[in-house]
Amino acid sequence: MGPYCSLLRHELRIRNLAFAKAHNLAHALSYGEQSVVVYEPCEEQSRHGNFENASYAAILARQEWRIRLEKIHTTARRSLPASDRRWKELDSSMSSDALLMNIFCHPTTISPLLCAMLGIDHPSVPEFGFRARIPLRNGHTDRTEVDMKIGRMLVEAKLTETNFQTQKKEIVEAYRDLGAVFDRERLPRTTLGDYISYQLIRNVLAAHELNASFCVLLDERRPDLKDGWYEIMQCVVDTDLKTRCMVLTWQELAAVLPKRLQEFLDLKYGIVPPGGIPSRTCEEEIE
């Protein structure tokens, strides 16, 4: 784990411990040196500590969003304390998917300003876990998911993830249009020949196939992820596709979000619009 990732995880742990204490929210800590705060739904089930109230109400009201809440936390048995309710992935304060849904499920998020920032022609209902079905050389399609599709834009969201994943050479080179979209010789590889930043490669290929735009959403406190993005973009040979790809920080996005949601993002994530100063949270406050 790199220093930027480690520092952000530490800050989010401190912020969420203070947030849970201040709002009397049911929560637990994962095992290990760098523990993670995880939340449970409140007793009346209408609120959840990991979600802004209006966003959570909107998620519960739409079935295709609500089912995302049921995705089981894959490492819960070895990393989290036992609970009467099975832990879910979106319970985690480090979840980029939860952050994404907090923002885009909020009933007043989709505004003309946000559409202009993302280059979306008109307001659209976000689709999470979108199956892009990228063509493979064998005639089949890839089954992996893109974090979100909104209008004609695909979105990959990152927060405390270590990187954009590494993938085996044979899997990446199975994509039909890899050579048409990228200068394959310049794509970053490990010493074993595996491809670095696989998720970016895959999503750029998805944007190519769907004639869509692609946006990476990441935190300004993660310049390492931004560097990974630019490394992949330098390898795109399709100039029209390159103009449809962008990187945006959560902080830049916060500038066009509703005020109450901005306050939530500040307290819980330390995310504020550019030029703003995040609210102060120190370790002494949670003791």
# chains A, B, ... in the order shown; residues from 1 in each chain; ligands from 1
>>> residues_around(residues="stretch 75-84 of chain A", least_positions_apart="4", cutoff="12 Å", atoms="only C-alpha atoms", output="ChimeraX atom specification")
/A:26-40,71,88-92
>>> residues_around(residues="A:Lys259", least_positions_apart="4", cutoff="12 Å", atoms="only C-alpha atoms", output="mmCIF file with N, CA and C atoms, in the first residue's frame")
data_model
loop_
_atom_site.group_PDB
_atom_site.id
_atom_site.type_symbol
_atom_site.label_atom_id
_atom_site.label_comp_id
_atom_site.auth_asym_id
_atom_site.auth_seq_id
_atom_site.Cartn_x
_atom_site.Cartn_y
_atom_site.Cartn_z
ATOM 1 N N ILE A 103 -23.580 10.249 -3.657
ATOM 2 C CA ILE A 103 -23.650 11.457 -4.478
ATOM 3 C C ILE A 103 -24.722 11.344 -5.560
ATOM 4 N N HIS A 106 -28.584 10.955 -4.620
ATOM 5 C CA HIS A 106 -29.230 12.056 -3.906
ATOM 6 C C HIS A 106 -30.256 12.715 -4.831
ATOM 7 N N THR A 108 -31.377 15.625 -5.400
ATOM 8 C CA THR A 108 -31.134 16.919 -6.050
ATOM 9 C C THR A 108 -29.718 17.054 -6.608
ATOM 10 N N THR A 109 -29.016 15.944 -6.756
ATOM 11 C CA THR A 109 -27.652 16.001 -7.298
ATOM 12 C C THR A 109 -27.629 16.338 -8.781
ATOM 13 N N ALA A 254 -17.783 18.061 -5.849
ATOM 14 C CA ALA A 254 -18.484 18.606 -4.675
ATOM 15 C C ALA A 254 -18.945 20.036 -4.896
ATOM 16 N N ALA A 255 -18.255 20.771 -5.743
ATOM 17 C CA ALA A 255 -18.577 22.189 -5.965
ATOM 18 C C ALA A 255 -19.971 22.394 -6.545
ATOM 19 N N GLU A 263 -22.021 19.109 3.103
ATOM 20 C CA GLU A 263 -21.692 19.034 4.536
ATOM 21 C C GLU A 263 -21.411 17.594 4.952
ATOM 22 N N PHE A 264 -22.200 16.658 4.454
ATOM 23 C CA PHE A 264 -22.010 15.236 4.741
ATOM 24 C C PHE A 264 -20.646 14.769 4.228
ATOM 25 N N LEU A 265 -20.305 15.130 3.000
ATOM 26 C CA LEU A 265 -19.037 14.710 2.412
ATOM 27 C C LEU A 265 -17.844 15.312 3.159
ATOM 28 N N ASP A 266 -18.002 16.521 3.640
ATOM 29 C CA ASP A 266 -16.949 17.167 4.413
ATOM 30 C C ASP A 266 -16.698 16.406 5.718
ATOM 31 N N VAL A 272 -14.188 18.509 0.198
ATOM 32 C CA VAL A 272 -14.763 19.857 0.078
ATOM 33 C C VAL A 272 -14.408 20.412 -1.295
ATOM 34 N N PRO A 273 -15.173 21.393 -1.805
ATOM 35 C CA PRO A 273 -14.862 21.983 -3.109
ATOM 36 C C PRO A 273 -13.458 22.584 -3.139
#
>>> residues_around(residues="stretch 165-175 of chain A", least_positions_apart="3", cutoff="7 Å", atoms="only C-alpha atoms", output="ChimeraX atom specification")
/A:135-137,178,193-199
>>> select_by_dssp(residues="stretch 27-205 of chain A", states="alpha helix (DSSP H)", output="PyMOL selection string")
chain A and resi 53-61+63-66+76-79+96-104+112-118+169-172+178-181+198-205
>>> closest_residue(among="A:His73, A:Arg13, A:Arg202, A:Arg222", to="A:Arg143", atoms="only C-alpha atoms")
A:Arg202
>>> closest_residue(among="A:Glu52, A:Glu11, A:Glu209, A:Glu156", to="A:Val181", atoms="only C-alpha atoms")
A:Glu209
>>> select_by_dssp(residues="stretch 80-246 of chain A", states="strand (DSSP E or B)", output="ChimeraX atom specification")
/A:88,92,127-131,135-136,141,145-150,153-157,166-167,175,182,189,195-196,213-218,236,245-246
>>> atom_distance(atom1="atom CA of A:Pro41", atom2="atom CA of A:Ile67")
14.7 Å
>>> closest_residue(among="A:Ile72, A:Leu248, A:Leu8, A:Ile14", to="A:Arg280", atoms="only C-alpha atoms")
A:Ile14
>>> residues_around(residues="A:Leu253", least_positions_apart="3", cutoff="8 Å", atoms="only C-alpha atoms", output="list in words")
Leu114, Met117, Leu248, Thr249, Trp250, Val256, Leu257 and Pro273 of chain A
>>> write_last_selection(atoms="N, CA and C atoms", output="PDB file, in the first residue's frame")
ATOM      1  N   LEU A 114     -24.028  20.050 -12.839  1.00  0.00           N
ATOM      2  CA  LEU A 114     -23.369  18.750 -12.844  1.00  0.00           C
ATOM      3  C   LEU A 114     -23.329  18.174 -14.257  1.00  0.00           C
ATOM      4  N   MET A 117     -20.600  19.815 -16.114  1.00  0.00           N
ATOM      5  CA  MET A 117     -19.282  19.371 -15.665  1.00  0.00           C
ATOM      6  C   MET A 117     -18.927  18.017 -16.263  1.00  0.00           C
ATOM      7  N   LEU A 248     -11.768  13.411 -13.026  1.00  0.00           N
ATOM      8  CA  LEU A 248     -12.422  14.406 -12.190  1.00  0.00           C
ATOM      9  C   LEU A 248     -12.236  13.987 -10.737  1.00  0.00           C
ATOM     10  N   THR A 249     -11.974  14.949  -9.861  1.00  0.00           N
ATOM     11  CA  THR A 249     -11.843  14.610  -8.445  1.00  0.00           C
ATOM     12  C   THR A 249     -13.187  14.768  -7.743  1.00  0.00           C
ATOM     13  N   TRP A 250     -13.323  14.032  -6.637  1.00  0.00           N
ATOM     14  CA  TRP A 250     -14.529  14.177  -5.810  1.00  0.00           C
ATOM     15  C   TRP A 250     -14.654  15.627  -5.341  1.00  0.00           C
ATOM     16  N   VAL A 256     -20.530  21.387  -7.212  1.00  0.00           N
ATOM     17  CA  VAL A 256     -21.841  21.552  -7.846  1.00  0.00           C
ATOM     18  C   VAL A 256     -22.912  20.706  -7.158  1.00  0.00           C
ATOM     19  N   LEU A 257     -22.618  20.217  -5.955  1.00  0.00           N
ATOM     20  CA  LEU A 257     -23.567  19.371  -5.237  1.00  0.00           C
ATOM     21  C   LEU A 257     -24.401  20.190  -4.263  1.00  0.00           C
ATOM     22  N   PRO A 273     -15.173  21.393  -1.805  1.00  0.00           N
ATOM     23  CA  PRO A 273     -14.862  21.983  -3.109  1.00  0.00           C
ATOM     24  C   PRO A 273     -13.458  22.584  -3.139  1.00  0.00           C
TER      25      PRO A 273
END
>>> atom_distance(atom1="atom CA of A:Ala206", atom2="atom CA of A:Val146")
8.7 Å
